[in-house]
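Quick look at my_file_30.cif (mmCIF, C-alpha atoms):
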data_input
loop_
_atom_site.label_atom_id
_atom_site.label_comp_id
_atom_site.auth_asym_id
_atom_site.auth_seq_id
_atom_site.Cartn_x
_atom_site.Cartn_y
_atom_site.Cartn_z
CA MET V 89 146.40 158.11 144.94
CA SER V 90 148.36 155.73 142.74
CA ALA V 91 150.58 153.05 144.17
CA ILE V 92 154.31 153.33 143.69
CA HIS V 93 155.65 150.19 142.07
CA ILE V 94 159.24 149.19 142.71
CA LEU V 95 159.48 146.86 139.75
CA PRO V 96 159.07 148.04 136.17
CA ARG V 97 155.86 147.03 134.44
CA GLN V 98 157.54 144.47 132.16
CA MET V 99 159.13 142.74 135.15
CA ARG V 100 155.80 142.63 136.99
CA MET V 101 154.21 141.04 133.91
CA MET V 102 157.02 138.48 133.74
CA LEU V 103 156.60 137.61 137.43
CA HIS V 104 152.82 137.38 136.99
CA ASP V 105 153.22 134.97 134.07
CA TYR V 106 155.69 132.92 136.09
CA GLU V 107 153.35 132.81 139.07
CA GLN V 108 150.54 131.54 136.85
CA THR V 109 152.60 128.40 136.14
CA TRP V 110 152.33 127.40 139.81
CA SER V 111 148.67 126.44 139.58
CA GLY V 112 148.24 122.78 138.82
CA ALA V 113 145.60 120.11 138.80
CA ARG V 114 145.72 119.46 142.55
CA THR V 115 143.22 121.92 143.91
CA SER V 116 141.75 119.65 146.57
CA ALA V 117 145.04 119.11 148.41
CA TRP V 118 145.34 120.51 151.91
CA ILE V 119 148.29 122.59 150.72
CA SER V 120 147.62 124.61 147.58
CA ASP V 121 149.88 124.31 144.55
CA ARG V 122 150.90 127.93 144.97
CA THR V 123 152.02 127.36 148.56
CA ARG V 124 153.84 124.21 147.55
CA ALA V 125 155.59 126.10 144.72
CA VAL V 126 156.62 128.98 146.98
CA VAL V 127 158.05 126.57 149.55
CA ARG V 128 159.88 124.52 146.92
CA LEU V 129 161.17 127.42 144.81
CA TYR V 130 161.99 129.97 147.51
CA LEU V 131 162.40 128.16 150.83
CA THR V 132 164.45 125.25 149.47
CA PRO V 133 167.29 127.52 148.21
CA THR V 134 167.17 129.43 151.50
CA VAL V 135 168.20 126.36 153.52
CA PRO V 136 171.65 125.86 151.93
CA ALA V 137 172.15 129.65 151.72
CA VAL V 138 171.60 129.93 155.48
CA VAL V 139 174.12 127.14 156.04
CA PHE V 140 176.69 129.16 154.08
CA LEU V 141 175.92 132.17 156.28
CA PHE V 142 177.45 130.27 159.18
CA VAL V 143 180.19 128.37 157.35
CA HIS V 144 181.83 131.50 155.84
CA VAL V 145 183.17 129.99 152.62
CA ARG V 146 185.42 132.38 150.70
CA LEU V 147 185.75 131.63 147.00
CA GLY V 148 189.23 132.06 145.52
CA THR V 149 187.85 133.11 142.17
CA VAL V 150 184.47 133.38 140.52
CA THR V 151 185.76 133.85 136.98
CA PRO V 152 184.99 130.27 135.84
CA PHE V 153 181.50 130.51 137.31
CA LEU V 154 180.97 133.92 135.71
CA THR V 155 182.09 132.65 132.31
CA SER V 156 179.99 129.49 132.41
CA MET V 157 176.90 131.31 133.71
CA SER V 158 177.23 133.92 130.95
CA VAL V 159 177.30 131.19 128.30
CA PHE V 160 174.43 129.34 129.99
CA THR V 161 172.34 132.51 130.08
CA ALA V 162 172.92 133.00 126.36
CA LEU V 163 171.78 129.41 125.76
CA LEU V 164 168.61 130.12 127.74
CA PHE V 165 167.93 133.08 125.45
CA GLY V 166 168.29 130.69 122.50
CA LEU V 167 165.86 128.28 124.15
CA LEU V 168 163.37 131.11 124.59
CA THR V 169 163.62 131.88 120.88
CA LEU V 170 162.94 128.22 120.04
CA ILE V 171 159.93 128.19 122.35
CA PHE V 172 158.61 131.31 120.61
CA ASN V 173 159.03 129.64 117.21
CA THR V 174 157.29 126.53 118.52
CA ALA V 175 154.35 128.62 119.74
CA VAL V 176 154.05 130.28 116.33
CA THR V 177 154.15 126.90 114.59
CA LEU V 178 151.62 125.47 117.04
CA ARG V 179 149.24 128.35 116.39
CA LYS V 180 149.49 127.81 112.62
CA ASP V 181 149.18 124.00 112.78
CA GLU V 182 146.76 123.70 115.70
CA LYS V 183 144.16 121.79 113.70
CA THR V 184 146.66 119.08 112.72
CA LEU V 185 147.52 118.41 116.37
CA GLN V 186 144.11 117.22 117.53
CA ASN V 187 145.43 114.96 120.32
CA ALA V 188 147.58 117.71 121.87
CA HIS V 189 144.83 119.46 123.81
CA GLY V 190 146.98 121.07 126.51
CA LEU V 191 150.08 121.69 124.41
CA ALA V 192 149.45 125.43 123.98
CA GLU V 193 149.23 125.86 127.76
CA ILE V 194 152.45 123.89 128.28
CA ILE V 195 154.26 126.06 125.71
CA LYS V 196 152.93 129.16 127.47
CA ASP V 197 154.21 127.82 130.81
CA LEU V 198 157.57 126.98 129.24
CA ARG V 199 157.92 130.52 127.94
CA ALA V 200 157.11 131.97 131.36
CA ILE V 201 159.49 129.68 133.26
CA VAL V 202 162.35 130.12 130.79
CA THR V 203 161.90 133.91 130.86
CA TYR V 204 162.01 133.91 134.66
CA THR V 205 165.01 131.55 134.68
CA ILE V 206 166.84 133.94 132.37
CA PHE V 207 166.12 136.71 134.86
CA VAL V 208 167.54 134.58 137.71
CA ALA V 209 170.59 133.64 135.60
CA LEU V 210 171.20 137.31 134.80
CA ALA V 211 170.94 138.14 138.51
CA LEU V 212 173.52 135.43 139.23
CA VAL V 213 175.86 136.72 136.51
CA ILE V 214 175.57 140.28 137.84
CA THR V 215 176.22 139.24 141.45
CA LEU V 216 179.18 137.12 140.34
CA ALA V 217 180.61 140.11 138.46
CA ILE V 218 180.10 142.45 141.40
CA GLY V 219 181.63 139.93 143.81
CA ALA V 220 184.64 139.55 141.50
CA ALA V 221 185.03 143.32 141.29
CA PHE V 222 185.26 143.66 145.06
CA MET V 223 187.67 140.85 145.86
CA GLU V 224 189.77 141.34 148.96
CA PRO V 225 193.13 140.01 150.17
CA ALA V 226 192.99 136.39 151.30
CA ASP V 227 195.12 137.08 154.33
CA PRO V 228 195.54 140.38 156.15
CA ASP V 229 199.25 139.51 156.39
CA PRO V 230 201.30 142.39 154.96
CA ASP V 231 203.82 139.93 153.47
CA PRO V 232 204.30 140.87 149.77
CA LYS V 233 204.29 137.19 148.71
CA HIS V 234 200.66 136.85 149.76
CA ALA V 235 199.53 140.23 148.45
CA SER V 236 198.39 138.78 145.12
CA LEU V 237 196.03 136.22 146.67
CA GLN V 238 192.50 137.62 146.38
CA VAL V 239 189.22 136.03 147.48
CA VAL V 240 185.57 136.93 147.30
CA SER V 241 184.12 138.03 150.61
CA TRP V 242 182.34 135.20 152.45
CA TRP V 243 178.96 136.96 152.49
CA TRP V 244 178.65 136.67 148.70
CA THR V 245 178.60 132.88 148.90
CA PRO V 246 175.06 132.57 150.39
CA VAL V 247 173.75 134.87 147.63
CA TYR V 248 175.43 132.75 144.95
CA VAL V 249 174.12 129.53 146.50
CA TRP V 250 170.56 130.83 146.78
CA LEU V 251 170.44 132.04 143.18
CA ALA V 252 172.09 128.87 141.82
CA VAL V 253 169.75 126.49 143.68
CA HIS V 254 166.71 128.58 142.72
CA MET V 255 167.81 128.49 139.09
CA LEU V 256 168.35 124.72 139.21
CA LEU V 257 164.85 124.19 140.60
CA ASN V 258 163.42 126.25 137.75
CA LEU V 259 165.46 124.24 135.25
CA GLY V 260 163.81 121.14 136.72
CA ASP V 261 160.41 122.73 136.06
CA ILE V 262 161.46 123.39 132.46
CA LEU V 263 162.39 119.73 132.02
CA VAL V 264 159.04 118.63 133.49
CA ARG V 265 157.18 120.88 131.03
CA PHE V 266 159.20 119.50 128.10
CA ARG V 267 158.37 115.95 129.18
CA THR V 268 154.69 116.85 129.46
CA ALA V 269 154.71 118.48 126.01
CA TYR V 270 156.34 115.39 124.54
CA ASN V 271 153.76 113.14 126.19
CA TYR V 272 150.98 115.26 124.66
CA LEU V 273 152.48 114.80 121.20
CA ALA V 274 153.64 111.18 121.43
CA PRO V 275 151.19 108.55 120.23
CA SER V 276 149.69 106.49 123.03
#

Written form, C-alpha cells:
Amino acid sequence: MSAIHILPRQMRMMLHDYEQTWSGARTSAWISDRTRAVVRLYLTPTVPAVVFLFVHVRLGTVTPFLTSMSVFTALLFGLLTLIFNTAVTLRKDEKTLQNAHGLAEIIKDLRAIVTYTIFVALALVITLAIGAAFMEPADPDPDPKHASLQVVSWWWTPVYVWLAVHMLLNLGDILVRFRTAYNYLAPS
C-alpha cells in the first residue's frame, strides 16, 4: 500500500533540501543542530504569534504590506537566479578557486534557503491577500459615517506575525551563508 502524500513531490524535495541546511559542524553538542534549528526557526515565531492571539490586534489595512511583500518576493526570485548563475560559474571555474573548498556546499545551502524563503514569502503574500479580501467593519455601529471603516479580523494577525518572523529568521540564515561564502573566497 502506498502512502498518501499531502504535499506535492516538488515541495517535498524543496523541504528536504531546506532541512539538509540545518546540519552543521556541531555534532557533539548535547542538542543537535537539527533540534536547535527547529526551535529557532519554528518555535521562535510561535512566541510572538501566541502573544497576538491574546492581544487581538486588528489591522486597518494590509495593502502596504501586501505591496511590499510582493515586491520583496520578486526580489527573492531574482536572488535565486543570481545564485543559480553563481553555481554554474563555480562549476565551470572550480579549479581556479582552490582555496574555496566548501563554497559549492554554501551555494547549495543558499539555493535551498532562498527557495524555502520564497515559499514562505508567497505564503505571507497569499494570506495577506485573503485577509484583505475578507475585511470586516471596524465597528458594528450601524451609523453610515463609520460604514466605510474596514479592518482585518484579529485572528489573521498571529498568522502574519508567525510568517513574517519565520521569514526574517530565514533571511538571517541567508546573510550568514553569504558571509561564509565571502570568507571562503577572501584572501586570508

Could you check how far atom CA of V:His144 sits from atom CA of V:Gly260, in Å to one decimal? 28.2 Å

Counting all atoms listed in the file, which residues have an atom no more than 9 Å from (153.8, 134.6, 126.2) in the file's coordinates? Please list them as a PyMOL selection string. chain V and resi 105+172+175+195-197+199-200

Check the smallest atom-to-atom distance from each of V:Ala162, V:Val145, V:Val150, V:Leu198 to V:Ala217 using only C-alpha atoms, then report the winner.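 Comparing V:Ala162, V:Val145, V:Val150, V:Leu198 against V:Ala217, the winner is V:Val150.
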
Quick one: everything within 12 Å of V:Asn258, counting only C-alpha atoms, minus sequence neighbours fewer than 3 positions away in the same chain. Send it as a PDB file with C-alpha atoms, in the frame of the given file.
ATOM      1  CA  TYR V 106     155.690 132.920 136.090  1.00  0.00           C
ATOM      2  CA  THR V 109     152.600 128.400 136.140  1.00  0.00           C
ATOM      3  CA  TRP V 110     152.330 127.400 139.810  1.00  0.00           C
ATOM      4  CA  ALA V 125     155.590 126.100 144.720  1.00  0.00           C
ATOM      5  CA  VAL V 126     156.620 128.980 146.980  1.00  0.00           C
ATOM      6  CA  ARG V 128     159.880 124.520 146.920  1.00  0.00           C
ATOM      7  CA  LEU V 129     161.170 127.420 144.810  1.00  0.00           C
ATOM      8  CA  TYR V 130     161.990 129.970 147.510  1.00  0.00           C
ATOM      9  CA  THR V 132     164.450 125.250 149.470  1.00  0.00           C
ATOM     10  CA  PRO V 133     167.290 127.520 148.210  1.00  0.00           C
ATOM     11  CA  LEU V 164     168.610 130.120 127.740  1.00  0.00           C
ATOM     12  CA  ASP V 197     154.210 127.820 130.810  1.00  0.00           C
ATOM     13  CA  LEU V 198     157.570 126.980 129.240  1.00  0.00           C
ATOM     14  CA  ALA V 200     157.110 131.970 131.360  1.00  0.00           C
ATOM     15  CA  ILE V 201     159.490 129.680 133.260  1.00  0.00           C
ATOM     16  CA  VAL V 202     162.350 130.120 130.790  1.00  0.00           C
ATOM     17  CA  THR V 203     161.900 133.910 130.860  1.00  0.00           C
ATOM     18  CA  TYR V 204     162.010 133.910 134.660  1.00  0.00           C
ATOM     19  CA  THR V 205     165.010 131.550 134.680  1.00  0.00           C
ATOM     20  CA  ILE V 206     166.840 133.940 132.370  1.00  0.00           C
ATOM     21  CA  PHE V 207     166.120 136.710 134.860  1.00  0.00           C
ATOM     22  CA  VAL V 208     167.540 134.580 137.710  1.00  0.00           C
ATOM     23  CA  ALA V 209     170.590 133.640 135.600  1.00  0.00           C
ATOM     24  CA  LEU V 251     170.440 132.040 143.180  1.00  0.00           C
ATOM     25  CA  ALA V 252     172.090 128.870 141.820  1.00  0.00           C
ATOM     26  CA  VAL V 253     169.750 126.490 143.680  1.00  0.00           C
ATOM     27  CA  HIS V 254     166.710 128.580 142.720  1.00  0.00           C
ATOM     28  CA  MET V 255     167.810 128.490 139.090  1.00  0.00           C
ATOM     29  CA  ASP V 261     160.410 122.730 136.060  1.00  0.00           C
ATOM     30  CA  ILE V 262     161.460 123.390 132.460  1.00  0.00           C
ATOM     31  CA  LEU V 263     162.390 119.730 132.020  1.00  0.00           C
ATOM     32  CA  VAL V 264     159.040 118.630 133.490  1.00  0.00           C
ATOM     33  CA  ARG V 265     157.180 120.880 131.030  1.00  0.00           C
TER      34      ARG V 265
END

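Relative to atom CA of V:Leu131, atom CA of V:Trp244 is found at 18.5 Å.
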
Please, which residues are within 7 Å of (178.3, 132.1, 154.1) by the file's coordinates, counting only C-alpha atoms, and could they come as a CSV table (one decimal) with C-alpha atoms, in the frame of the given file?
chain,number,residue,atom,x,y,z
V,139,VAL,CA,174.1,127.1,156.0
V,140,PHE,CA,176.7,129.2,154.1
V,141,LEU,CA,175.9,132.2,156.3
V,142,PHE,CA,177.4,130.3,159.2
V,143,VAL,CA,180.2,128.4,157.4
V,144,HIS,CA,181.8,131.5,155.8
V,145,VAL,CA,183.2,130.0,152.6
V,242,TRP,CA,182.3,135.2,152.4
V,243,TRP,CA,179.0,137.0,152.5
V,245,THR,CA,178.6,132.9,148.9
V,246,PRO,CA,175.1,132.6,150.4

Grab the atom CA of V:Arg179 to atom CA of V:Met102 distance for me, in Å with one decimal place.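 Separation between atom CA of V:Arg179 and atom CA of V:Met102: 21.5 Å.
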
Near-V:Ala137 list (7 Å; all atoms listed in the file; drop same-chain fewer than 5 positions) as a list of chain:residue names: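 Here the qualifying residues turn out to be V:Pro246, V:Val247, V:Val249, V:Trp250.
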
From V:Glu224, V:Glu193, V:Glu107, V:Asp181, residue lying nearest V:Thr123 [all atoms listed in the file]: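 Ranked by minimum distance to V:Thr123, first place goes to V:Glu107.
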
With all atoms listed in the file as the atoms that count, which of V:Ala269, V:Val213, V:Ala226, V:Ile218 lies nearest to V:Ala192?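 Closest to V:Ala192, using all atoms listed in the file: V:Ala269.
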
Evaluate the PyMOL selection byres ((chain V and resi 272) around 8) and report residues as a PyMOL selection string: chain V and resi 187-191+268-271+273-274

Could you save those same residues with C-alpha atoms as a compact mmCIF listing (two decimals), in the coordinates of the input?
# COMPACT_ATOMS: atom_id res chain seq x y z
CA ASN V 187 145.43 114.96 120.32
CA ALA V 188 147.58 117.71 121.87
CA HIS V 189 144.83 119.46 123.81
CA GLY V 190 146.98 121.07 126.51
CA LEU V 191 150.08 121.69 124.41
CA THR V 268 154.69 116.85 129.46
CA ALA V 269 154.71 118.48 126.01
CA TYR V 270 156.34 115.39 124.54
CA ASN V 271 153.76 113.14 126.19
CA LEU V 273 152.48 114.80 121.20
CA ALA V 274 153.64 111.18 121.43

Edge lengths and centre in Å, axis-aligned, stretch 153-165 of chain V plus 4 Å each side, as JSON:
{"center_x": 175.0, "center_y": 131.6, "center_z": 131.4, "size_x": 22.2, "size_y": 12.6, "size_z": 19.9}
